[in-house]
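Undergrad: Sharing entry.pdb, PDB, C-alpha atoms:
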ATOM      1  CA  MET A   1    -232.771  28.947  77.964
ATOM      2  CA  SER A   2    -229.710  30.728  76.644
ATOM      3  CA  ASP A   3    -226.216  29.419  76.846
ATOM      4  CA  PRO A   4    -224.127  31.099  79.512
ATOM      5  CA  LYS A   5    -221.445  33.362  78.144
ATOM      6  CA  PRO A   6    -218.097  31.659  78.048
ATOM      7  CA  ALA A   7    -215.651  33.038  80.560
ATOM      8  CA  GLN A   8    -213.480  35.637  78.946
ATOM      9  CA  GLU A   9    -210.237  34.053  78.027
ATOM     10  CA  LYS A  10    -207.179  35.864  79.205
ATOM     11  CA  LYS A  11    -204.946  36.893  76.341
ATOM     12  CA  PRO A  12    -201.681  34.955  76.531
ATOM     13  CA  GLN A  13    -198.781  37.128  77.565
ATOM     14  CA  THR A  14    -195.747  37.604  75.379
ATOM     15  CA  TRP A  15    -192.369  36.653  76.811
ATOM     16  CA  ARG A  16    -191.597  40.370  77.310
ATOM     17  CA  GLU A  17    -194.806  40.857  79.304
ATOM     18  CA  GLN A  18    -193.993  37.804  81.397
ATOM     19  CA  MET A  19    -190.475  39.125  82.042
ATOM     20  CA  TYR A  20    -191.874  42.554  82.912
ATOM     21  CA  GLU A  21    -194.240  41.035  85.441
ATOM     22  CA  ILE A  22    -191.437  39.067  87.098
ATOM     23  CA  ILE A  23    -188.838  41.838  87.078
ATOM     24  CA  PHE A  24    -190.888  44.970  87.753
ATOM     25  CA  GLU A  25    -193.799  43.657  89.801
ATOM     26  CA  ALA A  26    -193.311  41.836  93.080
ATOM     27  CA  ASP A  27    -196.898  40.726  93.656
ATOM     28  CA  THR A  28    -196.459  37.364  91.930
ATOM     29  CA  PRO A  29    -194.573  34.355  93.334
ATOM     30  CA  ALA A  30    -192.002  34.599  90.517
ATOM     31  CA  GLY A  31    -191.639  38.354  91.095
ATOM     32  CA  LYS A  32    -191.113  37.823  94.826
ATOM     33  CA  LEU A  33    -188.529  35.123  94.154
ATOM     34  CA  PHE A  34    -186.736  37.422  91.691
ATOM     35  CA  ASP A  35    -186.641  40.191  94.300
ATOM     36  CA  VAL A  36    -185.373  37.876  97.053
ATOM     37  CA  VAL A  37    -182.603  36.452  94.852
ATOM     38  CA  LEU A  38    -181.660  39.972  93.728
ATOM     39  CA  LEU A  39    -181.635  41.231  97.322
ATOM     40  CA  ILE A  40    -179.352  38.397  98.431
ATOM     41  CA  ALA A  41    -177.017  39.031  95.470
ATOM     42  CA  ILE A  42    -176.878  42.764  96.273
ATOM     43  CA  LEU A  43    -176.162  42.176  99.964
ATOM     44  CA  VAL A  44    -173.485  39.555  99.271
ATOM     45  CA  SER A  45    -171.850  41.815  96.672
ATOM     46  CA  ILE A  46    -171.788  44.674  99.214
ATOM     47  CA  LEU A  47    -170.231  42.295 101.746
ATOM     48  CA  VAL A  48    -167.551  41.373  99.186
ATOM     49  CA  ILE A  49    -166.839  45.074  98.562
ATOM     50  CA  MET A  50    -166.559  45.708 102.308
ATOM     51  CA  LEU A  51    -164.258  42.734 102.916
ATOM     52  CA  GLU A  52    -162.159  43.675  99.913
ATOM     53  CA  SER A  53    -161.526  47.083 101.482
ATOM     54  CA  VAL A  54    -159.790  45.417 104.461
ATOM     55  CA  LYS A  55    -156.134  45.085 103.443
ATOM     56  CA  SER A  56    -155.504  41.808 105.278
ATOM     57  CA  PHE A  57    -158.531  40.154 103.646
ATOM     58  CA  ASP A  58    -157.711  41.623 100.255
ATOM     59  CA  ALA A  59    -154.130  40.325 100.432
ATOM     60  CA  LYS A  60    -155.295  36.828 101.361
ATOM     61  CA  TYR A  61    -158.406  36.529  99.132
ATOM     62  CA  ASP A  62    -157.701  38.890  96.233
ATOM     63  CA  ARG A  63    -158.398  36.255  93.563
ATOM     64  CA  GLN A  64    -161.677  35.134  95.192
ATOM     65  CA  PHE A  65    -162.810  38.746  95.544
ATOM     66  CA  SER A  66    -162.013  39.375  91.895
ATOM     67  CA  ILE A  67    -163.975  36.302  90.786
ATOM     68  CA  ALA A  68    -166.918  37.285  93.011
ATOM     69  CA  GLU A  69    -166.854  40.849  91.684
ATOM     70  CA  TRP A  70    -166.975  39.666  88.075
ATOM     71  CA  PHE A  71    -169.717  37.166  88.900
ATOM     72  CA  PHE A  72    -171.897  39.885  90.440
ATOM     73  CA  THR A  73    -171.094  42.375  87.682
ATOM     74  CA  ILE A  74    -172.127  39.896  84.996
ATOM     75  CA  LEU A  75    -175.241  38.932  86.977
ATOM     76  CA  PHE A  76    -176.262  42.583  87.443
ATOM     77  CA  THR A  77    -175.447  43.327  83.792
ATOM     78  CA  ILE A  78    -177.808  40.548  82.706
ATOM     79  CA  GLU A  79    -180.462  41.936  85.039
ATOM     80  CA  TYR A  80    -179.938  45.495  83.700
ATOM     81  CA  VAL A  81    -180.204  44.350  80.068
ATOM     82  CA  ALA A  82    -183.292  42.250  80.928
ATOM     83  CA  ARG A  83    -184.929  45.340  82.477
ATOM     84  CA  ILE A  84    -184.223  47.348  79.320
ATOM     85  CA  ILE A  85    -185.536  44.580  77.059
ATOM     86  CA  CYS A  86    -188.816  44.111  78.893
ATOM     87  CA  ALA A  87    -189.462  47.720  79.940
ATOM     88  CA  ARG A  88    -192.515  49.188  78.273
ATOM     89  CA  ARG A  89    -190.540  52.375  77.680
ATOM     90  CA  PRO A  90    -186.846  51.400  77.671
ATOM     91  CA  LEU A  91    -185.425  54.919  77.400
ATOM     92  CA  ARG A  92    -187.563  56.058  80.303
ATOM     93  CA  TYR A  93    -186.121  53.233  82.422
ATOM     94  CA  ILE A  94    -182.523  53.871  81.290
ATOM     95  CA  PHE A  95    -182.700  57.532  82.311
ATOM     96  CA  SER A  96    -184.769  56.943  85.458
ATOM     97  CA  PHE A  97    -183.147  57.176  88.881
ATOM     98  CA  TYR A  98    -183.025  53.387  89.265
ATOM     99  CA  GLY A  99    -181.810  52.875  85.707
ATOM    100  CA  VAL A 100    -178.890  55.233  86.313
ATOM    101  CA  VAL A 101    -178.126  53.579  89.676
ATOM    102  CA  ASP A 102    -178.196  50.155  88.009
ATOM    103  CA  LEU A 103    -175.801  51.328  85.295
ATOM    104  CA  PHE A 104    -173.439  53.047  87.734
ATOM    105  CA  SER A 105    -173.361  49.950  89.935
ATOM    106  CA  ILE A 106    -171.952  47.797  87.109
ATOM    107  CA  LEU A 107    -169.956  50.310  85.079
ATOM    108  CA  PRO A 108    -166.982  50.692  87.493
ATOM    109  CA  THR A 109    -166.023  47.028  87.220
ATOM    110  CA  TYR A 110    -165.817  47.321  83.441
ATOM    111  CA  LEU A 111    -163.856  50.574  83.734
ATOM    112  CA  ILE A 112    -161.508  49.092  86.351
ATOM    113  CA  PHE A 113    -160.667  46.462  83.748
ATOM    114  CA  MET A 114    -158.715  49.250  82.030
ATOM    115  CA  GLU A 115    -156.320  49.059  85.025
ATOM    116  CA  SER A 116    -155.481  52.736  85.375
ATOM    117  CA  ASP A 117    -155.132  54.278  88.835
ATOM    118  CA  GLU A 118    -157.954  56.747  88.179
ATOM    119  CA  MET A 119    -160.272  53.914  87.187
ATOM    120  CA  GLN A 120    -159.402  51.945  90.344
ATOM    121  CA  ARG A 121    -160.893  54.763  92.444
ATOM    122  CA  LEU A 122    -164.236  54.282  90.695
ATOM    123  CA  GLY A 123    -164.614  51.002  92.540
ATOM    124  CA  VAL A 124    -166.199  52.901  95.420
ATOM    125  CA  ILE A 125    -169.170  53.642  93.174
ATOM    126  CA  ARG A 126    -169.964  49.916  93.238
ATOM    127  CA  ALA A 127    -171.501  50.586  96.643
ATOM    128  CA  LEU A 128    -174.386  52.181  94.731
ATOM    129  CA  ARG A 129    -175.712  48.643  94.555
ATOM    130  CA  LEU A 130    -176.967  49.210  98.066
ATOM    131  CA  LEU A 131    -179.416  51.798  96.713
ATOM    132  CA  ARG A 132    -180.989  49.034  94.653
ATOM    133  CA  VAL A 133    -182.231  47.472  97.880
ATOM    134  CA  PHE A 134    -184.660  50.386  98.211
ATOM    135  CA  ARG A 135    -186.342  49.345  94.970
ATOM    136  CA  ILE A 136    -186.892  45.841  96.230
ATOM    137  CA  PHE A 137    -188.446  47.039  99.454
ATOM    138  CA  LYS A 138    -190.387  49.719  97.578
ATOM    139  CA  LEU A 139    -188.882  52.336  99.862
ATOM    140  CA  GLY A 140    -188.270  54.929  97.185
ATOM    141  CA  HIS A 141    -189.872  57.594  99.339
ATOM    142  CA  MET A 142    -187.085  57.051 101.879
ATOM    143  CA  LEU A 143    -184.299  57.762  99.390
ATOM    144  CA  THR A 144    -184.383  61.459 100.173
ATOM    145  CA  GLY A 145    -183.502  60.698 103.785
ATOM    146  CA  ALA A 146    -180.732  58.310 102.764
TER     147      ALA A 146
END
Can the structure from this file be put into structure tokens for me?

TA:
Amino acid sequence: MSDPKPAQEKKPQTWREQMYEIIFEADTPAGKLFDVVLLIAILVSILVIMLESVKSFDAKYDRQFSIAEWFFTILFTIEYVARIICARRPLRYIFSFYGVVDLFSILPTYLIFMESDEMQRLGVIRALRLLRVFRIFKLGHMLTGA
């Protein structure tokens, strides 16, 4: 009798491969959790942007809105950098539709920091974060209609 062949051992993943699986693929529990947390952060940040546009709310909660905006900008910056680090082809991601949307959704907050009137108008671009929801729901084919 011959010995049965040992089950093929799965090659251990590198940390970049593990990150890629979590960030870019939603078919694992960690990937689903990442997407849910990201979706909640995007929706709450959009809510903050909407409330901030109401003058009475902005006058009363300006400091809280500013803190929330920086929190979300830093969070989304970390996510953007993590996507670049773990992407198999970083430049392809950076110049992809979603890569550009991700960059444009965080860039205005950094530019607003310069405090010029022209830069303040760029704050509207922060609403691009809403487009990121399409990625989570894998509704890219619906972007043309949006």

Undergrad: Can you list what the PyMOL selection byres ((chain A and resi 84-94) around 9) grabs from this structure, as a PDB file with C-alpha atoms, in the coordinates of the input?

TA:
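Below is the file out_1.pdb, written as the result:
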ATOM      1  CA  TRP A  15    -192.369  36.653  76.811  1.00  0.00           C
ATOM      2  CA  ARG A  16    -191.597  40.370  77.310  1.00  0.00           C
ATOM      3  CA  GLU A  17    -194.806  40.857  79.304  1.00  0.00           C
ATOM      4  CA  GLN A  18    -193.993  37.804  81.397  1.00  0.00           C
ATOM      5  CA  MET A  19    -190.475  39.125  82.042  1.00  0.00           C
ATOM      6  CA  TYR A  20    -191.874  42.554  82.912  1.00  0.00           C
ATOM      7  CA  ILE A  23    -188.838  41.838  87.078  1.00  0.00           C
ATOM      8  CA  PHE A  24    -190.888  44.970  87.753  1.00  0.00           C
ATOM      9  CA  GLU A  79    -180.462  41.936  85.039  1.00  0.00           C
ATOM     10  CA  TYR A  80    -179.938  45.495  83.700  1.00  0.00           C
ATOM     11  CA  VAL A  81    -180.204  44.350  80.068  1.00  0.00           C
ATOM     12  CA  ALA A  82    -183.292  42.250  80.928  1.00  0.00           C
ATOM     13  CA  ARG A  83    -184.929  45.340  82.477  1.00  0.00           C
ATOM     14  CA  PHE A  95    -182.700  57.532  82.311  1.00  0.00           C
ATOM     15  CA  SER A  96    -184.769  56.943  85.458  1.00  0.00           C
ATOM     16  CA  PHE A  97    -183.147  57.176  88.881  1.00  0.00           C
ATOM     17  CA  TYR A  98    -183.025  53.387  89.265  1.00  0.00           C
ATOM     18  CA  GLY A  99    -181.810  52.875  85.707  1.00  0.00           C
ATOM     19  CA  VAL A 100    -178.890  55.233  86.313  1.00  0.00           C
ATOM     20  CA  ASP A 102    -178.196  50.155  88.009  1.00  0.00           C
ATOM     21  CA  LEU A 103    -175.801  51.328  85.295  1.00  0.00           C
TER      22      LEU A 103
END

Undergrad: Applying 12 Å and only C-alpha atoms, which residues near segment 64-70 of chain A remain after dropping the ones on its own chain fewer than 5 positions away? List them as a PyMOL selection string.

TA: chain A and resi 41-42+44-54+57-59+75-77+105-110+112-113+123+126-127

Undergrad: Could you work out how far atom CA of Ile22 of chain A lies from atom CA of Val36 of chain A, giving the answer in Å with one decimal?

TA: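 Going from atom CA of Val36 of chain A over to atom CA of Ile22 of chain A covers 11.7 Å.
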
Undergrad: To one decimal in Å, tell me the separation between atom CA of Leu33 of chain A and atom CA of Val101 of chain A.

TA: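 These two atoms are separated by 21.7 Å.
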
Undergrad: Mind giving me the straight-line distance from atom CA of Ile78 of chain A to atom CA of Phe104 of chain A in Å, one decimal?

TA: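 Value for the atom CA of Ile78 of chain A-atom CA of Phe104 of chain A distance: 14.2 Å.
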